[in-house]
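Peer 1: Okay, so here is structure14.tsv, and as you'll see once you scroll down, it has TSV, C-alpha atoms and all ligand atoms.
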chain	number	residue	atom	x	y	z
C	1	MET	CA	-31.44	-8.38	-3.69
C	2	LEU	CA	-34.65	-7.61	-5.59
C	3	ASN	CA	-36.61	-4.47	-4.75
C	4	GLY	CA	-40.25	-4.40	-3.61
C	5	PRO	CA	-42.80	-7.19	-3.41
C	6	ILE	CA	-42.47	-9.75	-6.20
C	7	TYR	CA	-45.60	-10.69	-8.07
C	8	PHE	CA	-46.64	-14.29	-8.74
C	9	ASP	CA	-50.37	-13.72	-9.06
C	10	TYR	CA	-50.79	-12.88	-12.75
C	11	ASN	CA	-53.98	-14.94	-13.00
C	12	ALA	CA	-55.65	-12.56	-10.53
C	13	THR	CA	-54.66	-9.55	-12.57
C	14	SER	CA	-51.65	-8.34	-14.49
C	15	PRO	CA	-49.66	-5.12	-14.13
C	16	ILE	CA	-50.22	-2.43	-16.73
C	17	HIS	CA	-47.62	-3.03	-19.43
C	18	PRO	CA	-44.77	-0.46	-19.10
C	19	GLU	CA	-45.10	0.73	-22.73
C	20	LEU	CA	-48.83	1.06	-22.28
C	21	GLN	CA	-48.36	3.37	-19.30
C	22	GLU	CA	-46.76	5.91	-21.65
C	23	LYS	CA	-49.50	5.50	-24.26
C	24	ILE	CA	-52.21	6.12	-21.66
C	25	VAL	CA	-50.68	9.50	-20.86
C	26	GLU	CA	-50.77	10.30	-24.60
C	27	TRP	CA	-54.45	9.37	-24.77
C	28	LEU	CA	-55.54	11.39	-21.73
C	29	PRO	CA	-56.55	14.42	-23.85
C	30	PHE	CA	-59.06	12.24	-25.74
C	31	TRP	CA	-61.73	12.36	-23.08
C	32	GLY	CA	-64.67	12.99	-25.41
C	33	ASN	CA	-67.78	10.83	-25.56
C	34	PRO	CA	-67.46	8.54	-28.61
C	35	SER	CA	-71.16	9.00	-29.35
C	36	SER	CA	-70.77	12.78	-29.77
C	37	VAL	CA	-70.55	13.93	-33.36
C	38	HIS	CA	-68.19	16.85	-32.70
C	39	ALA	CA	-64.37	16.79	-32.83
C	40	HIS	CA	-63.97	15.72	-29.20
C	41	GLY	CA	-66.32	12.81	-29.74
C	42	ARG	CA	-64.66	11.83	-33.01
C	43	GLN	CA	-61.21	11.65	-31.38
C	44	ALA	CA	-62.51	9.24	-28.74
C	45	LYS	CA	-64.44	7.25	-31.33
C	46	LYS	CA	-61.26	6.83	-33.35
C	47	LEU	CA	-59.50	5.27	-30.35
C	48	VAL	CA	-62.37	2.83	-29.85
C	49	ARG	CA	-62.50	1.98	-33.56
C	50	GLU	CA	-58.76	1.35	-33.78
C	51	ALA	CA	-58.84	-0.83	-30.65
C	52	ARG	CA	-61.69	-2.90	-32.07
C	53	GLN	CA	-59.77	-3.50	-35.29
C	54	SER	CA	-56.58	-4.42	-33.45
C	55	ILE	CA	-58.39	-6.94	-31.21
C	56	ALA	CA	-60.22	-8.40	-34.20
C	57	ASP	CA	-56.92	-8.82	-36.08
C	58	ALA	CA	-55.20	-10.44	-33.09
C	59	LEU	CA	-58.01	-12.94	-32.51
C	60	GLY	CA	-58.86	-13.73	-36.14
C	61	VAL	CA	-62.40	-12.33	-36.09
C	62	SER	CA	-64.28	-9.41	-37.66
C	63	PRO	CA	-64.49	-6.12	-35.73
C	64	LEU	CA	-68.29	-6.33	-36.05
C	65	GLU	CA	-68.22	-9.57	-34.07
C	66	LEU	CA	-66.85	-7.82	-30.96
C	67	ILE	CA	-68.93	-6.18	-28.25
C	68	PHE	CA	-67.09	-4.26	-25.54
C	69	THR	CA	-68.09	-4.99	-21.93
C	70	SER	CA	-66.80	-4.15	-18.47
C	71	GLY	CA	-64.88	-7.45	-18.28
C	72	GLY	CA	-65.15	-11.22	-18.09
C	73	SER	CA	-67.94	-11.44	-15.52
C	74	GLU	CA	-70.25	-9.22	-17.54
C	75	GLY	CA	-69.38	-11.09	-20.72
C	76	ASN	CA	-70.14	-14.51	-19.25
C	77	ASN	CA	-73.41	-13.35	-17.69
C	78	THR	CA	-74.49	-11.60	-20.88
C	79	VAL	CA	-73.95	-14.64	-23.09
C	80	ILE	CA	-75.43	-17.24	-20.75
C	81	CYS	CA	-78.35	-15.31	-19.27
C	82	GLY	CA	-79.12	-13.56	-22.55
C	83	LEU	CA	-79.54	-16.83	-24.43
C	84	LEU	CA	-82.18	-17.99	-21.96
C	85	PHE	CA	-84.48	-15.50	-23.70
C	86	SER	CA	-83.58	-16.49	-27.27
C	87	ALA	CA	-85.86	-18.16	-29.80
C	88	GLN	CA	-83.89	-21.44	-29.50
C	89	ALA	CA	-84.57	-21.44	-25.75
C	90	GLU	CA	-88.26	-22.08	-26.50
C	91	GLU	CA	-87.32	-25.57	-27.68
C	92	ARG	CA	-84.01	-26.27	-26.01
C	93	LYS	CA	-84.12	-26.26	-22.23
C	94	GLU	CA	-80.75	-27.72	-21.26
C	95	LEU	CA	-77.29	-26.25	-20.71
C	96	ILE	CA	-73.95	-27.99	-20.29
C	97	THR	CA	-70.96	-26.67	-18.39
C	98	THR	CA	-68.11	-28.01	-16.21
C	99	THR	CA	-67.52	-28.18	-12.46
C	100	ILE	CA	-64.37	-26.03	-12.72
C	101	GLU	CA	-65.74	-22.80	-14.20
C	102	HIS	CA	-65.25	-19.31	-12.83
C	103	PRO	CA	-68.09	-18.18	-10.51
C	104	SER	CA	-69.35	-15.79	-13.21
C	105	VAL	CA	-70.30	-18.87	-15.25
C	106	THR	CA	-71.27	-21.09	-12.32
C	107	ARG	CA	-73.63	-18.48	-10.86
C	108	ALA	CA	-75.12	-17.66	-14.25
C	109	MET	CA	-75.85	-21.40	-14.63
C	110	ASP	CA	-77.47	-21.42	-11.17
C	111	PHE	CA	-79.64	-18.55	-12.38
C	112	ALA	CA	-80.61	-20.56	-15.47
C	113	GLU	CA	-81.86	-23.33	-13.17
C	114	THR	CA	-84.13	-20.86	-11.39
C	115	GLN	CA	-85.61	-20.09	-14.83
C	116	GLY	CA	-86.57	-23.71	-15.46
C	117	PHE	CA	-83.49	-24.85	-17.42
C	118	LYS	CA	-81.67	-28.09	-16.67
C	119	VAL	CA	-77.91	-27.71	-16.21
C	120	HIS	CA	-75.45	-30.60	-16.66
C	121	ARG	CA	-72.09	-30.07	-14.96
C	122	ILE	CA	-69.29	-32.20	-16.44
C	123	GLU	CA	-66.32	-33.15	-14.29
C	124	VAL	CA	-62.61	-32.81	-14.97
C	125	ASN	CA	-60.37	-35.27	-13.12
C	126	ARG	CA	-57.14	-34.34	-11.35
C	127	GLN	CA	-55.19	-35.13	-14.53
C	128	GLY	CA	-57.20	-32.42	-16.24
C	129	GLU	CA	-59.28	-34.80	-18.41
C	130	LEU	CA	-62.88	-33.90	-19.13
C	131	ASP	CA	-65.40	-36.71	-18.66
C	132	PHE	CA	-66.28	-36.97	-22.37
C	133	PHE	CA	-68.44	-40.01	-21.74
C	134	HIS	CA	-70.73	-37.92	-19.51
C	135	PHE	CA	-70.62	-34.99	-21.94
C	136	GLU	CA	-71.65	-37.07	-24.96
C	137	ARG	CA	-74.34	-38.80	-22.94
C	138	VAL	CA	-76.08	-35.54	-21.96
C	139	LEU	CA	-75.48	-33.61	-25.19
C	140	SER	CA	-78.67	-33.76	-27.22
C	141	GLU	CA	-81.17	-31.88	-29.38
C	142	LYS	CA	-82.39	-30.38	-26.09
C	143	THR	CA	-79.06	-28.63	-25.47
C	144	LEU	CA	-79.29	-24.88	-25.90
C	145	LEU	CA	-75.73	-23.95	-24.94
C	146	VAL	CA	-72.44	-25.58	-23.99
C	147	SER	CA	-70.28	-23.22	-21.95
C	148	MET	CA	-66.80	-24.41	-21.05
C	149	MET	CA	-63.67	-22.45	-20.23
C	150	LEU	CA	-60.64	-22.46	-22.48
C	151	ALA	CA	-58.11	-22.26	-19.63
C	152	ASN	CA	-58.72	-22.75	-15.94
C	153	ASN	CA	-57.71	-19.92	-13.61
C	154	GLU	CA	-56.49	-22.16	-10.76
C	155	THR	CA	-54.61	-25.00	-12.42
C	156	GLY	CA	-54.06	-23.57	-15.90
C	157	ILE	CA	-55.47	-26.69	-17.60
C	158	LEU	CA	-56.69	-26.21	-21.16
C	159	LEU	CA	-59.95	-27.80	-22.23
C	160	PRO	CA	-60.17	-29.18	-25.81
C	161	ILE	CA	-62.65	-26.51	-26.86
C	162	LYS	CA	-62.35	-27.12	-30.60
C	163	LYS	CA	-63.35	-30.77	-30.17
C	164	ILE	CA	-66.13	-29.87	-27.71
C	165	ALA	CA	-67.42	-27.18	-30.10
C	166	THR	CA	-67.52	-29.67	-32.99
C	167	LEU	CA	-69.59	-32.12	-30.95
C	168	ALA	CA	-71.89	-29.36	-29.68
C	169	LYS	CA	-72.49	-27.96	-33.18
C	170	ALA	CA	-73.29	-31.43	-34.54
C	171	ARG	CA	-76.25	-31.46	-32.15
C	172	GLY	CA	-77.26	-27.92	-33.08
C	173	ALA	CA	-76.21	-26.50	-29.71
C	174	LEU	CA	-74.52	-23.13	-29.30
C	175	MET	CA	-70.97	-23.04	-27.96
C	176	HIS	CA	-69.47	-20.45	-25.60
C	177	THR	CA	-65.99	-20.38	-24.12
C	178	ASP	CA	-64.65	-18.25	-21.30
C	179	ALA	CA	-61.26	-17.33	-22.75
C	180	VAL	CA	-60.33	-14.91	-19.95
C	181	GLN	CA	-57.33	-16.93	-18.73
C	182	ALA	CA	-56.10	-17.96	-22.16
C	183	ILE	CA	-55.47	-14.66	-23.93
C	184	GLY	CA	-51.90	-13.50	-23.43
C	185	LYS	CA	-50.80	-17.05	-22.58
C	186	ILE	CA	-51.45	-19.09	-25.74
C	187	ASN	CA	-52.05	-18.33	-29.41
C	188	ILE	CA	-55.75	-18.02	-30.05
C	189	ASN	CA	-57.73	-17.70	-33.22
C	190	LEU	CA	-61.35	-17.46	-32.11
C	191	GLY	CA	-62.54	-17.87	-35.68
C	192	ASP	CA	-60.77	-21.26	-35.94
C	193	LEU	CA	-61.89	-22.46	-32.52
C	194	GLY	CA	-65.40	-23.02	-33.85
C	195	VAL	CA	-67.19	-21.32	-30.97
C	196	ASP	CA	-70.21	-19.06	-31.31
C	197	TYR	CA	-69.33	-16.87	-28.34
C	198	ALA	CA	-66.17	-16.15	-26.37
C	199	THR	CA	-65.47	-13.77	-23.53
C	200	PHE	CA	-62.30	-12.09	-22.39
C	201	SER	CA	-61.03	-9.39	-20.07
C	202	GLY	CA	-58.36	-6.71	-20.58
C	203	HIS	CA	-56.84	-6.73	-17.09
C	204	LYS	CA	-55.66	-10.33	-17.54
C	205	PHE	CA	-53.38	-9.32	-20.40
C	206	TYR	CA	-51.68	-6.17	-19.15
C	207	ALA	CA	-54.41	-3.66	-20.11
C	208	LEU	CA	-56.53	-1.50	-17.78
C	209	LYS	CA	-59.25	-2.94	-15.56
C	210	GLY	CA	-62.92	-2.40	-16.29
C	211	THR	CA	-63.01	-3.58	-19.88
C	212	GLY	CA	-63.36	-6.78	-21.83
C	213	ALA	CA	-65.25	-8.04	-24.83
C	214	ILE	CA	-67.61	-10.67	-26.12
C	215	TYR	CA	-66.97	-12.32	-29.45
C	216	ALA	CA	-70.33	-13.22	-30.99
C	217	ARG	CA	-70.08	-15.06	-34.28
C	218	ARG	CA	-71.79	-13.17	-37.10
C	219	GLY	CA	-75.34	-14.33	-37.62
C	220	GLN	CA	-75.74	-15.71	-34.10
C	221	GLU	CA	-78.45	-14.36	-31.85
C	222	PHE	CA	-77.25	-11.87	-29.28
C	223	PHE	CA	-79.29	-10.65	-26.34
C	224	ASN	CA	-78.13	-7.48	-24.74
C	225	TYR	CA	-78.10	-7.41	-21.00
C	226	ILE	CA	-77.63	-3.70	-20.47
C	227	HIS	CA	-80.36	-1.66	-22.12
C	228	GLY	CA	-80.11	2.03	-22.91
C	229	GLY	CA	-78.21	3.94	-25.59
C	230	GLY	CA	-77.30	2.56	-28.99
C	231	GLN	CA	-73.60	1.89	-28.28
C	232	GLU	CA	-72.02	-1.30	-29.63
C	233	ARG	CA	-74.68	-1.35	-32.39
C	234	GLY	CA	-77.39	-1.55	-29.77
C	235	ARG	CA	-75.89	-4.66	-28.18
C	236	ARG	CA	-74.46	-3.12	-24.99
C	237	ALA	CA	-75.58	0.26	-23.74
C	238	GLY	CA	-73.38	2.68	-21.81
C	239	THR	CA	-70.68	5.20	-22.65
C	240	GLU	CA	-67.56	3.30	-23.64
C	241	ASN	CA	-64.60	3.03	-21.25
C	242	VAL	CA	-62.45	4.67	-23.90
C	243	LEU	CA	-59.01	4.56	-22.29
C	244	ALA	CA	-59.42	1.00	-21.08
C	245	ILE	CA	-60.67	-0.13	-24.50
C	246	ALA	CA	-57.72	1.62	-26.17
C	247	SER	CA	-55.37	-0.09	-23.72
C	248	MET	CA	-56.85	-3.49	-24.58
C	249	GLY	CA	-56.43	-2.72	-28.29
C	250	TYR	CA	-52.80	-1.79	-27.72
C	251	MET	CA	-52.11	-5.03	-25.85
C	252	ALA	CA	-53.99	-7.06	-28.45
C	253	HIS	CA	-51.59	-5.68	-31.05
C	254	LYS	CA	-48.72	-6.95	-28.88
C	255	LEU	CA	-50.24	-10.45	-28.83
C	256	GLN	CA	-48.89	-10.90	-32.33
C	257	LYS	CA	-45.40	-11.11	-30.82
C	258	MET	CA	-46.45	-13.58	-28.18
C	259	PRO	CA	-44.53	-16.82	-28.87
C	260	GLU	CA	-41.35	-15.52	-27.24
C	261	HIS	CA	-43.37	-14.63	-24.13
C	262	TYR	CA	-44.96	-18.10	-23.98
C	263	GLU	CA	-41.58	-19.75	-24.18
C	264	HIS	CA	-40.19	-17.47	-21.52
C	265	MET	CA	-43.06	-18.27	-19.12
C	266	LEU	CA	-42.91	-21.98	-19.90
C	267	GLU	CA	-39.20	-22.13	-19.21
C	268	LEU	CA	-39.64	-20.38	-15.85
C	269	ARG	CA	-42.63	-22.48	-14.86
C	270	ASP	CA	-40.88	-25.75	-15.71
C	271	PHE	CA	-37.80	-24.61	-13.82
C	272	PHE	CA	-39.95	-23.69	-10.81
C	273	GLU	CA	-41.81	-27.01	-10.81
C	274	ALA	CA	-38.66	-29.12	-11.21
C	275	GLN	CA	-36.95	-27.28	-8.37
C	276	ILE	CA	-39.92	-27.55	-6.01
C	277	LEU	CA	-40.35	-31.27	-6.67
C	278	GLN	CA	-36.66	-31.78	-6.03
C	279	LYS	CA	-36.46	-29.68	-2.86
C	280	ILE	CA	-39.85	-30.68	-1.41
C	281	PRO	CA	-40.15	-34.34	-2.51
C	282	ASP	CA	-43.71	-34.87	-1.26
C	283	ALA	CA	-45.01	-31.81	-3.16
C	284	GLU	CA	-47.32	-32.43	-6.11
C	285	ILE	CA	-48.20	-30.28	-9.10
C	286	THR	CA	-51.90	-30.58	-9.88
C	287	SER	CA	-52.49	-31.74	-13.48
C	288	GLN	CA	-48.78	-31.54	-14.22
C	289	LYS	CA	-49.10	-33.84	-17.23
C	290	ALA	CA	-52.18	-32.09	-18.61
C	291	LYS	CA	-52.13	-29.52	-21.40
C	292	ARG	CA	-51.85	-26.26	-19.50
C	293	VAL	CA	-51.21	-22.59	-20.12
C	294	PRO	CA	-47.47	-21.94	-19.70
C	295	ASN	CA	-47.65	-19.62	-16.70
C	296	THR	CA	-49.60	-21.46	-13.98
C	297	SER	CA	-48.61	-24.00	-11.32
C	298	SER	CA	-50.97	-25.28	-8.68
C	299	VAL	CA	-48.79	-26.90	-6.04
C	300	ILE	CA	-49.94	-29.18	-3.23
C	301	LEU	CA	-47.63	-28.85	-0.23
C	302	PRO	CA	-48.79	-31.55	2.22
C	303	GLY	CA	-48.98	-30.61	5.88
C	304	VAL	CA	-48.87	-26.88	5.22
C	305	HIS	CA	-51.94	-24.69	5.33
C	306	GLY	CA	-52.13	-22.60	2.16
C	307	GLU	CA	-53.36	-19.50	3.98
C	308	SER	CA	-50.41	-19.58	6.46
C	309	LEU	CA	-48.07	-20.07	3.54
C	310	LEU	CA	-49.57	-17.15	1.67
C	311	MET	CA	-49.23	-14.85	4.70
C	312	SER	CA	-45.62	-15.90	5.39
C	313	LEU	CA	-44.76	-15.36	1.72
C	314	ASP	CA	-46.43	-11.97	1.81
C	315	ILE	CA	-44.30	-10.95	4.81
C	316	LYS	CA	-41.20	-12.04	2.88
C	317	GLY	CA	-42.29	-9.93	-0.11
C	318	PHE	CA	-43.98	-12.39	-2.48
C	319	SER	CA	-47.54	-11.99	-3.75
C	320	VAL	CA	-49.17	-15.34	-4.55
C	321	SER	CA	-52.57	-16.86	-4.03
C	322	THR	CA	-53.96	-20.07	-2.63
C	323	GLY	CA	-56.30	-22.16	-4.70
C	324	SER	CA	-58.97	-21.18	-2.22
C	325	ALA	CA	-61.57	-18.46	-2.27
C	326	CYS	CA	-62.63	-16.70	0.91
C	327	SER	CA	-66.34	-16.58	1.41
C	328	SER	CA	-67.94	-14.51	4.17
C	329	GLY	CA	-64.77	-14.44	6.24
C	330	SER	CA	-64.31	-18.21	6.36
C	331	SER	CA	-61.53	-19.70	4.32
C	332	GLU	CA	-62.94	-22.70	2.48
C	333	PRO	CA	-60.79	-24.90	0.23
C	334	SER	CA	-61.09	-24.23	-3.48
C	335	VAL	CA	-64.27	-25.64	-5.03
C	336	VAL	CA	-62.43	-26.16	-8.32
C	337	LEU	CA	-59.69	-28.29	-6.72
C	338	ARG	CA	-62.24	-30.23	-4.66
C	339	ASN	CA	-64.29	-30.86	-7.81
C	340	MET	CA	-61.17	-32.21	-9.52
C	341	GLY	CA	-60.95	-34.87	-6.84
C	342	LEU	CA	-58.40	-33.38	-4.44
C	343	THR	CA	-59.11	-34.14	-0.79
C	344	ARG	CA	-60.02	-31.29	1.52
C	345	ASP	CA	-56.49	-31.38	3.00
C	346	GLU	CA	-54.87	-31.33	-0.43
C	347	ALA	CA	-57.01	-28.43	-1.59
C	348	GLN	CA	-56.30	-26.57	1.65
C	349	SER	CA	-52.55	-27.00	1.24
C	350	SER	CA	-52.49	-25.79	-2.37
C	351	LEU	CA	-50.72	-22.72	-3.62
C	352	ARG	CA	-51.32	-21.09	-7.01
C	353	VAL	CA	-48.24	-19.60	-8.60
C	354	SER	CA	-48.88	-17.64	-11.77
C	355	MET	CA	-46.18	-15.88	-13.75
C	356	GLY	CA	-46.20	-13.26	-16.49
C	357	TRP	CA	-44.28	-11.83	-19.40
C	358	MET	CA	-42.21	-9.69	-17.04
C	359	THR	CA	-41.30	-12.41	-14.51
C	360	THR	CA	-37.54	-12.99	-14.33
C	361	ARG	CA	-35.45	-16.05	-13.50
C	362	GLU	CA	-33.92	-14.14	-10.59
C	363	GLU	CA	-37.40	-13.59	-9.14
C	364	VAL	CA	-38.26	-17.26	-9.53
C	365	GLU	CA	-35.02	-18.32	-7.86
C	366	SER	CA	-35.57	-16.08	-4.86
C	367	PHE	CA	-39.19	-17.27	-4.64
C	368	ILE	CA	-38.13	-20.94	-4.61
C	369	GLU	CA	-35.65	-20.23	-1.82
C	370	ALA	CA	-38.29	-18.44	0.27
C	371	LEU	CA	-40.96	-21.06	-0.38
C	372	VAL	CA	-38.73	-23.98	0.58
C	373	SER	CA	-37.61	-22.35	3.82
C	374	ILE	CA	-41.17	-21.29	4.79
C	375	VAL	CA	-42.55	-24.78	4.11
C	376	ASP	CA	-39.80	-26.23	6.27
C	377	HIS	CA	-40.49	-23.72	9.04
C	378	LEU	CA	-44.27	-24.22	9.02
C	379	ARG	CA	-43.86	-28.00	9.04
C	380	ASN	CA	-41.51	-27.77	12.05
C	381	ILE	CA	-44.04	-25.66	13.94
C	382	LYS	CA	-46.79	-28.14	13.06
C	383	ASN	CA	-44.71	-31.15	14.11
C	384	ARG	CA	-43.88	-29.51	17.46
C	385	GLY	CA	-47.60	-28.78	17.98
C	386	ASP	CA	-48.55	-32.34	17.04
C	387	SER	CA	-46.00	-33.90	19.42
C	388	ARG	CA	-47.19	-31.64	22.27
C	389	ALA	CA	-50.79	-32.69	21.57
C	390	ASN	CA	-49.86	-36.41	21.37
C	391	PRO	CA	-46.86	-36.93	23.71
C	392	SER	CA	-45.42	-40.42	23.27
E	401	LIG	C1	-61.68	-17.76	-15.94
E	401	LIG	C2	-62.20	-16.41	-15.54
E	401	LIG	N1	-63.36	-15.98	-16.04
E	401	LIG	C3	-63.88	-14.80	-15.73
E	401	LIG	C4	-63.22	-13.94	-14.86
E	401	LIG	C5	-63.83	-12.63	-14.52
E	401	LIG	O1	-63.21	-11.58	-15.21
E	401	LIG	P1	-63.38	-10.07	-14.72
E	401	LIG	O2	-62.50	-9.92	-13.51
E	401	LIG	O3	-62.90	-9.25	-15.86
E	401	LIG	O4	-64.81	-9.86	-14.42
E	401	LIG	C6	-62.01	-14.35	-14.30
E	401	LIG	C7	-61.30	-13.48	-13.33
E	401	LIG	O5	-60.53	-13.94	-12.53
E	401	LIG	C8	-61.47	-15.61	-14.65
E	401	LIG	O6	-60.32	-16.05	-14.16
How would this structure read if it were set down as structure tokens?
Peer 2:
Amino acid sequence: MLNGPIYFDYNATSPIHPELQEKIVEWLPFWGNPSSVHAHGRQAKKLVREARQSIADALGVSPLELIFTSGGSEGNNTVICGLLFSAQAEERKELITTTIEHPSVTRAMDFAETQGFKVHRIEVNRQGELDFFHFERVLSEKTLLVSMMLANNETGILLPIKKIATLAKARGALMHTDAVQAIGKININLGDLGVDYATFSGHKFYALKGTGAIYARRGQEFFNYIHGGGQERGRRAGTENVLAIASMGYMAHKLQKMPEHYEHMLELRDFFEAQILQKIPDAEITSQKAKRVPNTSSVILPGVHGESLLMSLDIKGFSVSTGSACSSGSSEPSVVLRNMGLTRDEAQSSLRVSMGWMTTREEVESFIEALVSIVDHLRNIKNRGDSRANPS
């Protein structure tokens, strides 16, 4: 029997890597302010500098092209909202995004609309294919920015960012990608991807929460969002979150050894999906045939309410998530899944299972067993309720 709750929600956040936990204790004495010129400040500055170099090496960019932030939400808002005030924005008044972005992009786009910009939202179908016809139709010399995610947080689908970036650049538009859900799951070379801006977040790849970074290609305009001190070469004010930045640098270094982790996650995910489809024949994996990150499965379990499933799994010791977000106490089906063409019922009976480097086959096996028996149980309860409501 496995001890303690078992975690299948790595897309929400990841545990702090065990080796990193020891490093953090080593770094605790370096509490100085990196902007201070004295020894205490210099020690902290060294940690930040080394982390910046390690992240730059792992992602194929220059350290000067990285700006530390508090995480993915700040990064996305900074890039999108900042560009609304750029020189190009005088001429170019349109933005392009997708209907499956994280709220930190969606809401920033809504804000752009309040500032007089036109936003085009391109759909992705349930197979994970972007509507390129729509994209190419709206892409023009009026486009200021194209912002599309590299990997989706709910289904794991990967968007063809390199191709999108090439098309965007040919029209003189800037290209941003939210890479939050891709780092730690696939090999990424931001330099090769052809984007002007990318954002990511440490807590999605086993580092501490409260830190992330923006990649801004050298020579591109950058508008800082947080004004104040001269940190990050004047591009993002505020005393650096030294330990969290160092933790992200440490994990970035580990990304070099990633392929074995990808294969491990892929093997477990494929095993999980095959078993579920065999044991629950009417189950469906959303975008199963699409290019996806290797750790994520979004499963539709017809006739079962995702929230009830989540609670029953929690009681049995498994932490997962539904595809749905709770807003003001009411549980609405996931906007992303609905926008991909799933019906309300399908979206409401979806479960997101996301695995990590540390997930074991034993954990997956015990999860499958629990999931199958809970689905069976919940369906029996529902059938009894239905036959009481409609006696024949
Ligand atoms: C795709 C995506 N973008 C952005 C974010 C926001 O990142 P953070 O939690 O670091 O603000 C998340 C977090 O779930 C995400 O999944």
Peer 1: Using all atoms listed in the file, what does the table of stretch 47-134 of chain C residues within 10 Å of stretch 149-172 of chain C look like, with each row giving the shortest atom pair and its distance in Å to one decimal, sorted by chain and ascending number, as a Markdown table?
Peer 2:
| residue | atom | partner | partner_atom | distance |
| --- | --- | --- | --- | --- |
| C:Gln88 | CA | C:Gly172 | CA | 9.9 |
| C:Arg92 | CA | C:Gly172 | CA | 9.9 |
| C:Ile96 | CA | C:Ala168 | CA | 9.7 |
| C:Thr97 | CA | C:Met149 | CA | 8.6 |
| C:Thr98 | CA | C:Met149 | CA | 8.2 |
| C:Ile100 | CA | C:Asn152 | CA | 7.3 |
| C:Glu101 | CA | C:Met149 | CA | 6.4 |
| C:His102 | CA | C:Asn153 | CA | 7.6 |
| C:Val105 | CA | C:Met149 | CA | 9.0 |
| C:Val124 | CA | C:Leu159 | CA | 9.2 |
| C:Arg126 | CA | C:Thr155 | CA | 9.7 |
| C:Gln127 | CA | C:Ile157 | CA | 9.0 |
| C:Gly128 | CA | C:Ile157 | CA | 6.1 |
| C:Glu129 | CA | C:Leu159 | CA | 8.0 |
| C:Leu130 | CA | C:Leu159 | CA | 7.4 |
| C:Phe132 | CA | C:Ile164 | CA | 8.9 |
Peer 1: Would you compute, for all listed atoms of ligand LIG 401 (chain E), the axis-aligned bounding box grown by 4 Å on each side, and then report its centre and edge lengths in Å rounded to one decimal, as lines of an AutoDock Vina configuration file?
Peer 2:
center_x = -62.6
center_y = -13.5
center_z = -14.3
size_x = 12.5
size_y = 16.5
size_z = 11.5
Peer 1: How many Å lie between atom CA of C:Asp314 and atom CA of C:Gln348, rounded to one decimal?
Peer 2: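 Pair atom CA of C:Asp314 / atom CA of C:Gln348 returns 17.6 Å.
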Peer 1: Taking only C-alpha atoms and all ligand atoms into account, report as a VMD selection string which residues have an atom no farther than 6 Å from an atom of ligand LIG 401 (chain E).
Peer 2: chain C and resid 12 71 to 73 102 152 to 153 178 180 to 181 201
Peer 1: State, in Å with one decimal place, the distance from atom CA of C:Glu284 to atom CA of C:Ile315.
Peer 2: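 Distance reported for this atom pair: 24.3 Å.
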Peer 1: Could you list, with a cut-off of 8 Å and counting all atoms listed in the file, the residues of stretch 186-275 of chain C near stretch 29-42 of chain C, each shown with its nearest atom pair and the distance in Å rounded to one decimal, rows sorted by chain and ascending number, as JSON lines?
Peer 2:
{"residue": "C:Gln231", "atom": "CA", "partner": "C:Ser35", "partner_atom": "CA", "distance": 7.6}
{"residue": "C:Thr239", "atom": "CA", "partner": "C:Asn33", "partner_atom": "CA", "distance": 7.0}
{"residue": "C:Glu240", "atom": "CA", "partner": "C:Pro34", "partner_atom": "CA", "distance": 7.2}
{"residue": "C:Val242", "atom": "CA", "partner": "C:Trp31", "partner_atom": "CA", "distance": 7.8}
Peer 1: Which residues come within 8 Å of C:Val195, counting all atoms listed in the file, excluding same-chain residues fewer than 5 positions away, as a PyMOL selection string?
Peer 2: chain C and resi 162+165+174-177+190+217
Peer 1: Please, what distance in Å, to one decimal, runs between atom CA of C:Ser331 and atom CA of C:Val353?
Peer 2: 18.5 Å
Peer 1: Using all atoms listed in the file, can you tell me which of C:Thr13, C:Phe68, C:Leu59, C:Glu123 comes closest to C:Gly341?
Peer 2: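 Checking each of C:Thr13, C:Phe68, C:Leu59, C:Glu123 against C:Gly341, counting all atoms listed in the file, the winner is C:Glu123.
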Peer 1: Pick from C:Thr359, C:Ser308, C:Ser366, C:Asn241: nearest to C:Lys382, with all atoms listed in the file counted?
Peer 2: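 Of the candidates, the smallest distance to C:Lys382 is held by C:Ser308.
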Peer 1: Taking only residues of stretch 1-68 of chain C that have an atom at most 12 Å from an atom of stretch 290-302 of chain C, what is each one's shortest atom pair and its distance in Å to one decimal, using only C-alpha atoms, in chain and number order, as CSV?
Peer 2:
residue,atom,partner,partner_atom,distance
C:Phe8,CA,C:Thr296,CA,9.4
C:Asp9,CA,C:Thr296,CA,9.2
C:Tyr10,CA,C:Asn295,CA,8.4
C:Asn11,CA,C:Thr296,CA,7.9
C:Ala12,CA,C:Thr296,CA,11.3
Peer 1: Which residues are close to C:Asn77, i.e. within 10 Å by only C-alpha atoms, leaving aside same-chain residues fewer than 5 positions away? Reply as number ranges by chain.
Peer 2: C: 72, 82-83, 104-109, 111, 199, 225
Peer 1: For C:Gly238, list every protein, DNA or RNA residue within 10 Å, evaluated using only C-alpha atoms, and leave out those in the same chain fewer than 2 positions away; present the list as a list in words.
Peer 2: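 Counting only C-alpha atoms, the residues come to Thr69, Ile226, His227, Gly228, Gly229, Gly230, Gln231, Glu232, Gly234, Arg236, Glu240 and Asn241 of chain C.
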Peer 1: Tell me which of C:Ile245, C:Leu351, C:Ala173, C:Val25 sits closest to C:Gln220, counting only C-alpha atoms.
Peer 2: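 Ranking C:Ile245, C:Leu351, C:Ala173, C:Val25 by distance to C:Gln220, first place goes to C:Ala173.
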Peer 1: Which protein, DNA or RNA residues have an atom at most 6 Å from (-56.0, -9.9, -24.2), counting all atoms listed in the file? List them as number ranges by chain.
Peer 2: C: 183-184, 202, 205, 252
